[in-house]
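Trainee: File follows, coords_8.txt with compact mmCIF, C-alpha atoms:
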```txt
# COMPACT_ATOMS: atom_id res chain seq x y z
CA MET B 934 76.65 79.35 68.93
CA SER B 935 79.67 81.19 70.26
CA VAL B 936 80.01 84.60 71.86
CA ARG B 937 82.96 86.89 71.13
CA ARG B 938 84.56 87.93 74.40
CA ALA B 939 87.22 90.48 75.28
CA PHE B 940 89.86 87.82 75.92
CA GLY B 941 90.61 87.46 72.20
CA GLU B 942 89.14 83.95 72.00
CA TRP B 943 85.77 82.36 71.25
CA ILE B 944 84.00 81.14 74.36
CA ALA B 945 81.36 78.50 73.63
CA PRO B 946 78.49 78.55 76.15
CA GLY B 947 78.27 75.21 77.86
CA GLY B 948 78.46 73.55 81.22
CA ALA B 949 78.29 76.11 84.00
CA LEU B 950 79.17 79.05 81.74
CA ASP B 951 76.34 81.53 81.19
CA ALA B 952 77.45 83.81 78.36
CA GLU B 953 74.61 86.28 78.91
CA ARG B 954 75.50 86.74 82.58
CA LEU B 955 79.15 87.11 81.65
CA ALA B 956 78.25 89.84 79.17
CA GLU B 957 76.05 91.55 81.76
CA LEU B 958 78.86 91.51 84.32
CA GLU B 959 81.22 93.08 81.82
CA ARG B 960 78.63 95.75 80.98
CA LEU B 961 78.16 96.62 84.66
CA LEU B 962 81.91 96.85 85.18
CA VAL B 963 82.31 99.21 82.23
CA GLU B 964 79.34 101.40 83.11
CA GLY B 965 80.31 101.56 86.78
CA CYS B 966 83.84 102.78 86.13
CA PRO B 967 84.30 106.54 86.55
CA PRO B 968 85.69 108.50 83.59
CA THR B 969 89.43 109.13 83.49
CA PRO B 970 90.63 112.76 83.31
CA GLY B 971 93.25 112.30 80.61
CA PRO B 972 94.70 109.68 78.26
CA VAL B 973 94.58 106.02 79.30
CA VAL B 974 97.70 103.91 78.74
CA ASP B 975 97.78 100.19 79.52
CA VAL B 976 101.42 99.26 80.19
CA HIS B 977 100.96 95.49 80.19
CA ALA B 978 99.62 93.50 77.23
CA HIS B 979 100.85 90.32 75.54
CA LEU B 980 100.45 89.63 71.83
CA GLY B 981 100.70 86.14 70.33
CA ARG B 982 99.84 82.68 71.67
CA ASP B 983 101.52 81.21 74.73
CA ALA B 984 102.38 77.58 75.40
CA ASP B 985 99.06 77.10 77.22
CA GLY B 986 97.00 78.41 74.32
CA HIS B 987 96.13 81.87 75.66
CA ALA B 988 96.10 84.16 72.63
CA LEU B 989 95.58 87.75 71.62
CA ASP B 990 96.15 89.47 68.30
CA ALA B 991 96.56 93.17 67.69
CA ALA B 992 93.17 93.66 66.04
CA ASP B 993 91.33 92.14 69.01
CA LEU B 994 93.41 94.17 71.44
CA VAL B 995 92.70 97.46 69.68
CA ALA B 996 88.98 96.64 69.50
CA ASP B 997 89.01 95.96 73.23
CA MET B 998 90.89 99.20 73.86
CA ASP B 999 88.25 101.10 71.89
CA ALA B 1000 85.47 99.45 73.89
CA HIS B 1001 87.05 100.36 77.23
CA GLY B 1002 88.44 103.82 76.59
CA VAL B 1003 92.10 102.82 76.42
CA ASP B 1004 94.16 105.05 74.15
CA ARG B 1005 97.45 103.16 73.99
CA ALA B 1006 98.91 99.85 75.13
CA VAL B 1007 102.47 98.75 75.78
CA CYS B 1008 102.76 95.34 74.12
CA PHE B 1009 105.33 92.54 74.18
CA PRO B 1010 105.35 88.88 73.17
CA ALA B 1011 103.59 86.14 75.06
CA ASN B 1012 105.75 83.26 76.24
CA GLU B 1013 105.51 81.61 72.83
CA PRO B 1014 106.90 78.19 71.98
CA GLY B 1015 108.52 77.50 68.64
CA ASP B 1016 111.00 80.37 68.38
CA GLY B 1017 113.87 78.25 67.10
CA ASP B 1018 116.60 80.59 68.30
CA ALA B 1019 115.00 80.94 71.76
CA ALA B 1020 115.42 84.71 71.40
CA PHE B 1021 111.78 85.64 70.67
CA ALA B 1022 112.85 86.74 67.19
CA ALA B 1023 109.57 85.93 65.43
CA SER B 1024 107.34 87.12 68.26
CA ASN B 1025 109.28 90.36 68.73
CA ALA B 1026 108.96 90.99 65.00
CA ALA B 1027 105.22 90.37 65.23
CA VAL B 1028 104.80 92.92 68.03
CA LEU B 1029 106.87 95.48 66.14
CA GLY B 1030 104.76 94.84 63.05
CA ALA B 1031 101.57 95.31 65.08
CA ALA B 1032 102.85 98.71 66.22
CA GLN B 1033 103.36 99.71 62.59
CA ASP B 1034 99.87 98.46 61.70
CA HIS B 1035 98.29 100.41 64.57
CA PRO B 1036 100.29 103.65 64.83
CA GLY B 1037 99.68 105.63 67.97
CA ARG B 1038 97.91 102.72 69.68
CA ILE B 1039 100.56 100.06 70.32
CA VAL B 1040 103.89 100.83 72.01
CA PRO B 1041 106.26 97.92 71.26
CA PHE B 1042 108.54 96.42 73.91
CA CYS B 1043 110.79 93.50 73.02
CA ARG B 1044 111.19 90.35 75.10
CA VAL B 1045 114.39 88.35 75.55
CA ASP B 1046 115.89 85.48 77.48
CA PRO B 1047 118.97 86.99 79.17
CA ALA B 1048 120.87 83.72 78.75
CA ARG B 1049 120.20 83.27 75.01
CA GLY B 1050 121.21 85.85 72.46
CA ALA B 1051 119.76 88.78 74.37
CA ALA B 1052 122.18 91.44 73.14
CA GLU B 1053 121.59 90.58 69.50
CA ALA B 1054 117.82 90.36 70.00
CA MET B 1055 117.73 93.77 71.66
CA GLU B 1056 119.83 95.28 68.88
CA ARG B 1057 117.44 93.93 66.24
CA ALA B 1058 114.42 95.17 68.15
CA ALA B 1059 115.92 98.60 68.70
CA ALA B 1060 116.62 98.96 64.99
CA ALA B 1061 112.97 98.10 64.28
CA GLY B 1062 111.57 100.65 66.73
CA ALA B 1063 111.24 98.95 70.12
CA ARG B 1064 110.61 101.34 73.02
CA GLY B 1065 111.39 99.13 76.01
CA LEU B 1066 112.17 95.65 77.34
CA LYS B 1067 110.09 92.92 79.01
CA LEU B 1068 111.81 90.31 81.18
CA HIS B 1069 110.14 87.30 82.84
CA PRO B 1070 112.36 85.67 85.48
CA VAL B 1071 109.89 82.82 86.10
CA ALA B 1072 109.19 81.83 82.50
CA GLN B 1073 112.82 82.12 81.40
CA GLY B 1074 114.28 80.81 84.65
CA PHE B 1075 116.74 83.48 85.79
CA ALA B 1076 117.30 85.67 88.83
CA PRO B 1077 116.84 89.45 88.52
CA ASP B 1078 120.31 90.01 89.95
CA SER B 1079 122.08 87.45 87.73
CA SER B 1080 124.94 88.75 85.64
CA GLU B 1081 123.02 88.04 82.42
CA CYS B 1082 119.97 89.97 83.60
CA VAL B 1083 122.07 92.88 84.87
CA ALA B 1084 123.71 93.06 81.43
CA CYS B 1085 120.29 93.25 79.75
CA VAL B 1086 119.11 96.00 82.08
CA ARG B 1087 122.29 97.99 81.54
CA ASP B 1088 121.85 97.62 77.77
CA ALA B 1089 118.24 98.78 78.01
CA THR B 1090 119.28 101.72 80.16
CA ARG B 1091 121.89 102.72 77.60
CA ARG B 1092 119.13 102.76 75.00
CA GLY B 1093 116.83 104.85 77.20
CA TRP B 1094 114.39 101.96 77.62
CA PRO B 1095 112.32 101.19 80.69
CA VAL B 1096 112.36 97.52 81.70
CA LEU B 1097 109.16 95.77 82.76
CA PHE B 1098 109.68 92.70 84.96
CA HIS B 1099 107.22 89.99 85.79
CA ALA B 1100 107.08 90.31 89.58
CA GLY B 1101 104.80 87.99 91.52
CA TYR B 1102 102.79 84.91 90.55
CA GLY B 1103 105.47 82.25 90.88
CA ALA B 1104 108.40 84.57 91.53
CA ARG B 1105 110.61 83.92 94.54
CA ALA B 1106 111.31 86.58 97.17
CA LEU B 1107 111.88 89.78 95.21
CA ALA B 1108 113.25 92.42 97.56
CA ALA B 1109 116.91 91.38 97.79
CA PRO B 1110 117.39 90.50 94.08
CA PHE B 1111 115.81 93.75 92.90
CA ALA B 1112 117.78 95.81 95.42
CA ALA B 1113 120.97 94.25 94.04
CA LEU B 1114 119.84 94.85 90.45
CA LEU B 1115 119.07 98.51 91.10
CA ASP B 1116 122.51 99.00 92.61
CA ALA B 1117 124.20 97.17 89.71
CA ALA B 1118 122.44 99.13 86.95
CA PRO B 1119 122.56 102.85 87.81
CA GLY B 1120 120.05 104.95 85.94
CA CYS B 1121 117.77 102.04 85.12
CA ARG B 1122 114.00 102.46 85.16
CA ILE B 1123 112.22 99.34 86.38
CA ILE B 1124 108.50 98.56 86.20
CA LEU B 1125 107.36 95.79 88.54
CA ALA B 1126 104.38 94.00 87.03
CA HIS B 1127 101.43 93.00 89.21
CA ALA B 1128 102.70 95.53 91.78
CA ALA B 1129 105.11 92.78 92.95
CA ARG B 1130 102.12 90.81 94.23
CA GLY B 1131 103.00 88.55 97.13
CA ASP B 1132 106.11 90.52 98.05
CA ALA B 1133 105.00 94.12 97.53
CA ARG B 1134 105.69 95.39 101.03
CA ALA B 1135 109.19 93.93 101.19
CA VAL B 1136 110.01 95.38 97.78
CA TRP B 1137 108.57 98.74 98.80
CA ASP B 1138 110.89 98.78 101.80
CA VAL B 1139 113.94 98.60 99.51
CA ALA B 1140 112.48 100.83 96.77
CA ARG B 1141 111.17 103.56 99.06
CA GLY B 1142 112.65 106.91 98.14
CA ARG B 1143 114.26 105.64 94.93
CA GLY B 1144 113.40 107.29 91.64
CA ASP B 1145 113.93 104.21 89.48
CA VAL B 1146 111.00 101.91 90.32
CA TRP B 1147 107.39 101.93 89.11
CA TRP B 1148 104.61 99.45 89.78
CA ASP B 1149 101.94 98.29 87.36
CA THR B 1150 98.43 97.37 88.48
CA SER B 1151 97.91 94.32 86.27
CA LEU B 1152 96.22 91.56 88.28
CA ALA B 1153 97.50 93.25 91.43
CA SER B 1154 96.14 93.25 94.96
CA LEU B 1155 93.93 96.21 95.89
CA ALA B 1156 95.71 96.57 99.24
CA ASP B 1157 99.11 96.65 97.52
CA VAL B 1158 98.09 99.24 94.93
CA ALA B 1159 96.44 101.49 97.52
CA MET B 1160 99.57 101.59 99.70
CA LEU B 1161 101.81 102.83 96.87
CA PRO B 1162 102.42 106.49 96.01
CA PRO B 1163 100.29 107.20 92.93
CA SER B 1164 103.19 108.94 91.21
CA ARG B 1165 104.87 105.51 90.91
CA VAL B 1166 101.83 103.50 89.79
CA LEU B 1167 101.01 102.57 86.17
CA PHE B 1168 97.71 101.18 84.89
CA GLY B 1169 97.96 97.69 83.41
CA ALA B 1170 95.51 94.93 82.50
CA ASP B 1171 97.73 91.94 81.53
CA ARG B 1172 95.70 91.07 78.44
CA PRO B 1173 94.82 88.32 77.56
CA TYR B 1174 95.06 86.96 81.12
CA GLY B 1175 93.26 89.95 82.57
CA GLU B 1176 90.88 92.42 80.97
CA HIS B 1177 90.32 96.13 80.94
CA ALA B 1178 87.00 96.43 82.77
CA THR B 1179 88.19 94.87 86.04
CA ALA B 1180 91.61 96.50 85.65
CA ARG B 1181 89.97 99.92 85.53
CA GLN B 1182 87.78 99.05 88.49
CA LEU B 1183 90.86 98.10 90.51
CA VAL B 1184 92.35 101.57 90.00
CA ALA B 1185 89.02 103.23 90.84
CA LEU B 1186 88.82 101.24 94.09
CA ALA B 1187 92.44 102.00 94.99
CA ALA B 1188 91.81 105.69 94.36
CA ALA B 1189 88.79 105.62 96.66
CA VAL B 1190 90.64 103.72 99.40
CA ALA B 1191 93.79 105.86 99.24
CA GLY B 1192 92.08 109.19 98.56
CA TRP B 1193 93.80 109.97 95.27
CA ASP B 1194 92.66 113.19 93.62
CA ASP B 1195 91.80 113.57 89.92
CA ALA B 1196 95.34 114.56 88.97
CA GLN B 1197 96.78 111.51 90.70
CA VAL B 1198 94.25 109.22 89.03
CA ALA B 1199 95.10 110.76 85.66
CA GLY B 1200 98.76 110.02 86.34
CA VAL B 1201 98.12 106.40 87.25
CA MET B 1202 95.85 105.83 84.25
CA GLY B 1203 98.22 107.26 81.68
CA GLY B 1204 100.20 110.36 82.57
CA ASN B 1205 102.89 108.51 84.52
CA ALA B 1206 103.39 106.03 81.68
CA LEU B 1207 103.66 108.74 79.05
CA ALA B 1208 106.27 110.56 81.15
CA LEU B 1209 108.20 107.30 81.55
CA LEU B 1210 108.13 106.88 77.78
CA GLY B 1211 109.43 110.42 77.32
CA GLU B 1212 106.16 111.82 76.04
CA THR B 1213 103.96 114.70 77.19
CA PRO B 1214 100.68 113.63 78.81
```
Take the structure I supplied and represent it as structure tokens, if you would.
Mentor:
Amino acid sequence: MSVRRAFGEWIAPGGALDAERLAELERLLVEGCPPTPGPVVDVHAHLGRDADGHALDAADLVADMDAHGVDRAVCFPANEPGDGDAAFAASNAAVLGAAQDHPGRIVPFCRVDPARGAAEAMERAAAAGARGLKLHPVAQGFAPDSSECVACVRDATRRGWPVLFHAGYGARALAAPFAALLDAAPGCRIILAHAARGDARAVWDVARGRGDVWWDTSLASLADVAMLPPSRVLFGADRPYGEHATARQLVALAAAVAGWDDAQVAGVMGGNALALLGETP
């Protein structure tokens, strides 16, 4: 017998896994999370199946959003193998199709490899309704301040798109490359995933006082999130690698540690993201 879990896969009880205890833990996390005063927007979700077999489809994501009080999710492709042109053409199309199938719930970002057909991929995605760009320097093997990456960020900025970067978990030192990128792409709006975990304080030193950097909470450190100004923080869960119950708890704990008020919590949980997307909270 298998138990349907929030990670978009079937988990078969066996070995040390106790499905009932797992379900109870999830229930306690959900019930223990305070209500959010305003819309909830998750800015970090992957659709598709990555090379390691982690998978999430749009129907499972929306069901999970409904179960955890999440109104909208910014989605982009997983690091999928098998895209013959190496430009995420099929996976970008799948995300854009999911947004059409779930209007008002999924906000589509496209994903590209800056070194392989990025300009054409972004043009196709823009024509199909993409709202932003996801870049992964570790998975695609590039530096944030490389000429190819700078060109992508400038292109996104011209389109009015925010750019979400993987930042942390395998990334090299981030502060100097992102400082150079910000200087090379005036007007850009950068979201640092995982709150730049592992290098957050160094990045904060170069981003302090700038109006072009935001930080998402997906799989982030509590200490890192709590040190950041809430006006620059965006709720994220990193589905299917993370999940919404613990992601919401992380924000609740950061709010308690840092003393955020209800308006600041509402901004972190959705208002800041909607403003970044050009929408009214």
Trainee: Mind checking which residues fall within 9 Å of B:Ala1109, counting all atoms listed in the file, ignoring those fewer than 6 positions away in the same chain, and posting them as an MDAnalysis selection string?
Mentor: chainID B and resid 1078 1135:1136 1139
Trainee: Do you know which residues are at most 8 Å from B:Thr1150 counting all atoms listed in the file, after dropping those on the same chain fewer than 5 positions away, and could you put them as a ChimeraX atom specification?
Mentor: /B:1126-1128,1158,1166-1170,1180,1183-1184
Trainee: Find the distance between atom CA of B:Leu1152 and atom CA of B:Leu1209 and write it in Å to one decimal.
Mentor: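 Between atom CA of B:Leu1152 and atom CA of B:Leu1209 the gap is 20.9 Å.
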Trainee: What gap, in Å, lies between atom CA of B:Ala1031 and atom CA of B:Val1086?
Mentor: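 Here the two named atoms are 24.4 Å from each other.
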Trainee: Extract, using all atoms listed in the file, all DNA, RNA and protein residues at most 8 Å from stretch 1189-1206 of chain B, discarding same-chain residues fewer than 6 positions from it, and format them as an MDAnalysis selection string.
Mentor: chainID B and resid 969:976 1159:1160 1163:1168 1213:1214
Trainee: How about saving the chosen residues, C-alpha atoms kept, as a PDB file, in the coordinates of the input?
Mentor:
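For reference, again-v8.pdb as written:
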```pdb
ATOM      1  CA  THR B 969      89.430 109.130  83.490  1.00  0.00           C
ATOM      2  CA  PRO B 970      90.630 112.760  83.310  1.00  0.00           C
ATOM      3  CA  GLY B 971      93.250 112.300  80.610  1.00  0.00           C
ATOM      4  CA  PRO B 972      94.700 109.680  78.260  1.00  0.00           C
ATOM      5  CA  VAL B 973      94.580 106.020  79.300  1.00  0.00           C
ATOM      6  CA  VAL B 974      97.700 103.910  78.740  1.00  0.00           C
ATOM      7  CA  ASP B 975      97.780 100.190  79.520  1.00  0.00           C
ATOM      8  CA  VAL B 976     101.420  99.260  80.190  1.00  0.00           C
ATOM      9  CA  ALA B1159      96.440 101.490  97.520  1.00  0.00           C
ATOM     10  CA  MET B1160      99.570 101.590  99.700  1.00  0.00           C
ATOM     11  CA  PRO B1163     100.290 107.200  92.930  1.00  0.00           C
ATOM     12  CA  SER B1164     103.190 108.940  91.210  1.00  0.00           C
ATOM     13  CA  ARG B1165     104.870 105.510  90.910  1.00  0.00           C
ATOM     14  CA  VAL B1166     101.830 103.500  89.790  1.00  0.00           C
ATOM     15  CA  LEU B1167     101.010 102.570  86.170  1.00  0.00           C
ATOM     16  CA  PHE B1168      97.710 101.180  84.890  1.00  0.00           C
ATOM     17  CA  THR B1213     103.960 114.700  77.190  1.00  0.00           C
ATOM     18  CA  PRO B1214     100.680 113.630  78.810  1.00  0.00           C
TER      19      PRO B1214
END
```
Trainee: What is the distance, in Å and to one decimal place, between atom CA of B:Ile1124 and atom CA of B:Val1146?
Mentor: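 Interatomic distance here is 5.9 Å.
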Trainee: Quick one: residues within 10 Å of stretch 991-1002 of chain B, all atoms listed in the file, excluding same-chain residues fewer than 4 positions away - as number ranges by chain?
Mentor: B: 938-942, 963-964, 966, 968-969, 972-975, 978-981, 1006, 1008, 1027-1028, 1030-1032, 1034-1035, 1038-1039, 1172-1173, 1176-1178, 1181
Trainee: Can you tell me, as a short mmCIF file (atom, residue, chain, number, x, y, z; two decimals) with C-alpha atoms, in the frame of the given file, what residues are no more than 8 Å from stretch 1087-1097 of chain B when counting all atoms listed in the file, ignoring any on the same chain fewer than 5 positions away?
Mentor:
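After the write, selection03.cif holds the following:
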```
data_model
loop_
_atom_site.label_atom_id
_atom_site.label_comp_id
_atom_site.auth_asym_id
_atom_site.auth_seq_id
_atom_site.Cartn_x
_atom_site.Cartn_y
_atom_site.Cartn_z
CA ALA B 1052 122.18 91.44 73.14
CA ARG B 1064 110.61 101.34 73.02
CA GLY B 1065 111.39 99.13 76.01
CA LEU B 1066 112.17 95.65 77.34
CA LYS B 1067 110.09 92.92 79.01
CA LEU B 1068 111.81 90.31 81.18
CA ALA B 1118 122.44 99.13 86.95
CA PRO B 1119 122.56 102.85 87.81
CA GLY B 1120 120.05 104.95 85.94
CA CYS B 1121 117.77 102.04 85.12
CA ARG B 1122 114.00 102.46 85.16
CA ILE B 1123 112.22 99.34 86.38
CA ILE B 1124 108.50 98.56 86.20
CA LEU B 1125 107.36 95.79 88.54
CA ALA B 1126 104.38 94.00 87.03
CA LEU B 1209 108.20 107.30 81.55
CA LEU B 1210 108.13 106.88 77.78
#
```
Trainee: Name the closest residue to B:Asp1145 among the candidates B:Leu1114, B:Ala1048, B:Ala1133, B:Ala988; distances are taken between atoms, counting all atoms listed in the file.
Mentor: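 Residue with the minimum atom-to-atom distance to B:Asp1145: B:Leu1114.
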Trainee: Counting only C-alpha atoms, I want the residues whose atoms come within 7 Å of (108.2, 100.8, 70.9) in the file frame, returned as a VMD selection string.
Mentor: chain B and resid 1040 to 1042 1062 to 1065
Trainee: Kindly indicate which residue among B:Asp1046, B:Asp1004, B:Asp985, B:Glu957 lies nearest to B:Glu1081, using all atoms listed in the file for the distances.
Mentor: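 Smallest distance to B:Glu1081 is found for B:Asp1046.
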Trainee: Determine the nearest neighbour of B:His977 from the options B:Asp1149, B:Asp1157, B:Asp1138, B:Glu1053, counting all atoms listed in the file.
Mentor: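 Using all atoms listed in the file, B:His977 sits closest to B:Asp1149.
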Trainee: Counting all atoms listed in the file, which residue out of B:Arg982, B:His1099, B:Arg1049, B:Arg1130 sits closest to B:Ala1011?
Mentor: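 Among B:Arg982, B:His1099, B:Arg1049, B:Arg1130, it is B:Arg982 that comes nearest to B:Ala1011.
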Trainee: Rank nothing, just name the residue among B:Leu1115, B:Trp1137, B:Asp1132, B:Arg1005 nearest to B:Leu1207, using only C-alpha atoms.
Mentor: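 Of the candidates, the smallest distance to B:Leu1207 is held by B:Arg1005.
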